[in-house]
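Peer 1: I'd like to ask some things about the structure below.
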Amino acid sequence: MVGYTSSAAMAGTTLLCLLAVASLQVMMAAAATGSRPPAMFVFGDSTLDVGNNNYLPGPDVPRANKPFYGIDFPGSVATGRFSNGYNIADYLAKSMGFPCSPPPYLSLAPSTSRLVHAAVAGGVSYASGGAGILDSTNGGNNIPLSKQVQYFRSTKSQMVAKLGSRATNLLLAKSVFLFSVGSNDLFVFAVAEQNKSTAAQQRDAAALYPRLISGYSAAIQALHALGARKFAVINVGLLGCVPAARLHDAGGACSGELNELASGLDDAIASMFGTLAPRLPGFGYSLADYYGLSSATFADPRAVGYADIAGACCGGGRLGAEAPCTPNATVCADRDRHAFWDDVHPSQRGAMLAAQNFYDSRPGRYTAPVNFRQLAQTGL
């Protein structure tokens, strides 16, 4: 078995990243040079979570702080990322020029000085595994989007107390606000609807979308009012093709119903941003098409080196999705050739490929109206 680092060392990964910056003054000066955005603030679910759920109480909180999660992370540390190594937030942070991904808010919250230092040094992550746009989604076992926004509001208040309003607002205006949320809302909805007729499911989905868009829009507008100006948004991917969804088909085929749900929400999200952009002063955004990228990848998996796009690398049973990824699970040896790490999450390589496409691809292919690089560098 691969050796795993202790929990104390795991917590130290956040500290090591913070120590890479000597002082607030040094970081503010570096941000002023325009070499990269001053910070990245992260909101959403397990595709971006870097460890917030490690700090939540309760036996039903989804956590990735044990083997074999993190098997390919430096030091084989199970950090709380739902991956065999790095996730999409990590690769996007590195692409933007940060030494490491923004640390989890809950690891910093007990210390005002550490929280402010992290926010200025490169940002903070509020993302939480299992979180949704709706507070009720997996309620009580994650940090829902509305609470993530509240935590950011608290962060800004502490930044203002330390740096002043002018410096704080300037930093936030140049920072990137990364989002990936909505998948869990659809997973929960699909489970609740599985015994209903197709007509009833379609009727209920039509009622669900406005609720999700209302909550999403409220979060975006609240952050804009707090000073956010650059929004890098990842839409909902091909949910029906994750191993957990394929299990429901005898042949392991994708779930058309889940994919239709995801596609419908993605259309609504695109419309929402198109509506918000002209209404909010200084508002800029890049909308990444995870659904489209996944569709293209699964249509020709060998083009990107995948040998398996249906099964989980870590798990057990059929498609590796009938048992969770635990210290007793079966783990594949060729992890870079698997699209999925566990029953719902992409592998480290999948995260890397997604980040590369969202950051550098030609606008109009998998991002619109600009790519993440163009968004990040605007106004620097």
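Simple scheme: letters A, B, ... for chains in structure tokens order, numbers from 1 for residues in each chain, numbers from 1 for ligands in the order shown.
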Which neighbours of range 242-250 of chain A fall inside 7 Å, counting only C-alpha atoms, when residues of the same chain fewer than 4 positions from it are skipped, and could you give them as JSON, numbers by chain?
Peer 2: {"A": [254, 255, 310, 311, 312, 319, 321, 343, 344]}
Peer 1: Leaving out range 104-111 of chain A and any residue of its chain fewer than 6 positions from it, which residues lie within 8 Å of it when counting only C-alpha atoms, given as a PyMOL selection string?
Peer 2: chain A and resi 49-52+55+124-127+151
Peer 1: Compile a residue-level contact table for range 186-301 of chain A against range 358-375 of chain A at a cut-off of 6 Å, reporting for every qualifying residue the shortest atom pair and its distance in Å to one decimal, with only C-alpha atoms counted, rows ordered by chain and ascending number, as CSV.
Peer 2:
residue,atom,partner,partner_atom,distance
A:Ser286,CA,A:Ala368,CA,5.5
A:Leu287,CA,A:Ala368,CA,5.3
A:Ala288,CA,A:Thr367,CA,4.4
A:Asp289,CA,A:Tyr366,CA,5.0
Peer 1: Quick check for you: according to DSSP on this backbone, which residues of range 117-170 of chain A are classed as alpha helix (DSSP H)? Reply as a PyMOL selection string.
Peer 2: chain A and resi 117-121+145-163+165-170
Peer 1: DSSP on the backbone: what in range 154-330 of chain A comes out strand (DSSP E), as number ranges by chain?
Peer 2: A: 176-180, 230-234, 284-288, 308-312, 314-315, 330
Peer 1: Residues as selected, N, CA and C atoms, written as a PDB file, in the first residue's frame, can you do that?
Peer 2:
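Now in again_39.pdb:
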ATOM      1  N   VAL A 176     -10.251  36.836  -9.644  1.00  0.00           N
ATOM      2  CA  VAL A 176     -11.136  35.923 -10.368  1.00  0.00           C
ATOM      3  C   VAL A 176     -12.013  35.179  -9.366  1.00  0.00           C
ATOM      4  N   PHE A 177     -13.298  35.095  -9.668  1.00  0.00           N
ATOM      5  CA  PHE A 177     -14.254  34.375  -8.837  1.00  0.00           C
ATOM      6  C   PHE A 177     -14.688  33.136  -9.618  1.00  0.00           C
ATOM      7  N   LEU A 178     -14.233  31.977  -9.162  1.00  0.00           N
ATOM      8  CA  LEU A 178     -14.440  30.720  -9.876  1.00  0.00           C
ATOM      9  C   LEU A 178     -15.644  29.974  -9.320  1.00  0.00           C
ATOM     10  N   PHE A 179     -16.500  29.479 -10.219  1.00  0.00           N
ATOM     11  CA  PHE A 179     -17.721  28.773  -9.837  1.00  0.00           C
ATOM     12  C   PHE A 179     -17.849  27.426 -10.555  1.00  0.00           C
ATOM     13  N   SER A 180     -18.307  26.424  -9.821  1.00  0.00           N
ATOM     14  CA  SER A 180     -18.774  25.175 -10.409  1.00  0.00           C
ATOM     15  C   SER A 180     -19.801  24.587  -9.453  1.00  0.00           C
ATOM     16  N   LYS A 230     -14.976  39.729 -11.979  1.00  0.00           N
ATOM     17  CA  LYS A 230     -14.579  38.714 -12.957  1.00  0.00           C
ATOM     18  C   LYS A 230     -15.076  37.337 -12.511  1.00  0.00           C
ATOM     19  N   PHE A 231     -15.987  36.763 -13.283  1.00  0.00           N
ATOM     20  CA  PHE A 231     -16.582  35.489 -12.925  1.00  0.00           C
ATOM     21  C   PHE A 231     -16.200  34.413 -13.943  1.00  0.00           C
ATOM     22  N   ALA A 232     -15.455  33.414 -13.484  1.00  0.00           N
ATOM     23  CA  ALA A 232     -15.096  32.255 -14.307  1.00  0.00           C
ATOM     24  C   ALA A 232     -16.023  31.113 -13.890  1.00  0.00           C
ATOM     25  N   VAL A 233     -16.913  30.714 -14.790  1.00  0.00           N
ATOM     26  CA  VAL A 233     -17.997  29.806 -14.429  1.00  0.00           C
ATOM     27  C   VAL A 233     -17.932  28.531 -15.258  1.00  0.00           C
ATOM     28  N   ILE A 234     -17.961  27.398 -14.583  1.00  0.00           N
ATOM     29  CA  ILE A 234     -17.983  26.090 -15.247  1.00  0.00           C
ATOM     30  C   ILE A 234     -19.405  25.551 -15.181  1.00  0.00           C
ATOM     31  N   GLY A 284     -17.733  41.128 -15.823  1.00  0.00           N
ATOM     32  CA  GLY A 284     -17.104  40.325 -16.860  1.00  0.00           C
ATOM     33  C   GLY A 284     -17.226  38.855 -16.510  1.00  0.00           C
ATOM     34  N   TYR A 285     -17.357  38.014 -17.516  1.00  0.00           N
ATOM     35  CA  TYR A 285     -17.472  36.590 -17.227  1.00  0.00           C
ATOM     36  C   TYR A 285     -16.960  35.748 -18.382  1.00  0.00           C
ATOM     37  N   SER A 286     -16.600  34.518 -18.036  1.00  0.00           N
ATOM     38  CA  SER A 286     -16.300  33.490 -19.021  1.00  0.00           C
ATOM     39  C   SER A 286     -17.069  32.245 -18.593  1.00  0.00           C
ATOM     40  N   LEU A 287     -17.881  31.715 -19.490  1.00  0.00           N
ATOM     41  CA  LEU A 287     -18.683  30.534 -19.193  1.00  0.00           C
ATOM     42  C   LEU A 287     -18.064  29.331 -19.902  1.00  0.00           C
ATOM     43  N   ALA A 288     -17.577  28.384 -19.106  1.00  0.00           N
ATOM     44  CA  ALA A 288     -16.935  27.188 -19.652  1.00  0.00           C
ATOM     45  C   ALA A 288     -17.951  26.087 -19.866  1.00  0.00           C
ATOM     46  N   ASP A 308     -10.520   4.083 -20.513  1.00  0.00           N
ATOM     47  CA  ASP A 308     -11.781   3.784 -19.818  1.00  0.00           C
ATOM     48  C   ASP A 308     -12.507   5.085 -19.504  1.00  0.00           C
ATOM     49  N   ILE A 309     -13.689   5.245 -20.071  1.00  0.00           N
ATOM     50  CA  ILE A 309     -14.488   6.452 -19.812  1.00  0.00           C
ATOM     51  C   ILE A 309     -15.774   6.118 -19.081  1.00  0.00           C
ATOM     52  N   ALA A 310     -15.932   4.850 -18.684  1.00  0.00           N
ATOM     53  CA  ALA A 310     -17.185   4.419 -18.059  1.00  0.00           C
ATOM     54  C   ALA A 310     -17.033   4.035 -16.596  1.00  0.00           C
ATOM     55  N   GLY A 311     -15.888   3.482 -16.230  1.00  0.00           N
ATOM     56  CA  GLY A 311     -15.721   2.965 -14.885  1.00  0.00           C
ATOM     57  C   GLY A 311     -14.928   3.862 -13.965  1.00  0.00           C
ATOM     58  N   ALA A 312     -15.083   3.616 -12.657  1.00  0.00           N
ATOM     59  CA  ALA A 312     -14.326   4.338 -11.639  1.00  0.00           C
ATOM     60  C   ALA A 312     -12.986   3.654 -11.426  1.00  0.00           C
ATOM     61  N   CYS A 314     -11.189   4.010  -8.629  1.00  0.00           N
ATOM     62  CA  CYS A 314     -11.171   3.603  -7.228  1.00  0.00           C
ATOM     63  C   CYS A 314     -12.588   3.283  -6.777  1.00  0.00           C
ATOM     64  N   GLY A 315     -12.821   2.056  -6.355  1.00  0.00           N
ATOM     65  CA  GLY A 315     -14.156   1.658  -5.921  1.00  0.00           C
ATOM     66  C   GLY A 315     -14.265   0.158  -5.870  1.00  0.00           C
ATOM     67  N   THR A 330     -10.603  -1.254  -4.515  1.00  0.00           N
ATOM     68  CA  THR A 330      -9.711  -1.631  -5.609  1.00  0.00           C
ATOM     69  C   THR A 330      -9.312  -0.364  -6.354  1.00  0.00           C
TER      70      THR A 330
END
Peer 1: What's around Ser294 in chain A at 8 Å? Count only C-alpha atoms, leave out sequence neighbours fewer than 4 positions away in its own chain, and write the answer as number ranges by chain.
Peer 2: A: 237-238, 290, 298
Peer 1: Between A:Glu193, A:Asp334, A:Glu260, A:Asp185, which is the closest to Gly132 in chain A once you count only C-alpha atoms?
Peer 2: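 Smallest separation from Gly132 in chain A among the options: A:Asp185.
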Peer 1: With distances taken over only C-alpha atoms, which of A:Leu92, A:Ala39, A:Cys325, A:Ala119 is nearest to Asn357 in chain A?
Peer 2: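 Closest candidate: A:Leu92.
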Peer 1: Near Ala205 in chain A, counting only C-alpha atoms, which residues have an atom at most 12 Å away, once you skip same-chain residues fewer than 6 positions from it, shown as a count of residues only?
Peer 2: 21
Peer 1: Kindly indicate which residue among A:Arg349, A:Arg302, A:Arg63, A:Lys174 lies nearest to Gly122 in chain A, using only C-alpha atoms for the distances.
Peer 2: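 Once distances to Gly122 in chain A are computed over only C-alpha atoms, the minimum belongs to A:Lys174.
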Peer 1: Nearest to Val42 in chain A: which of A:Ala121, A:Ala93, A:Ile71, A:Ala277 is it, counting only C-alpha atoms?
Peer 2: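 Selected residue with least distance to Val42 in chain A: A:Ala93.
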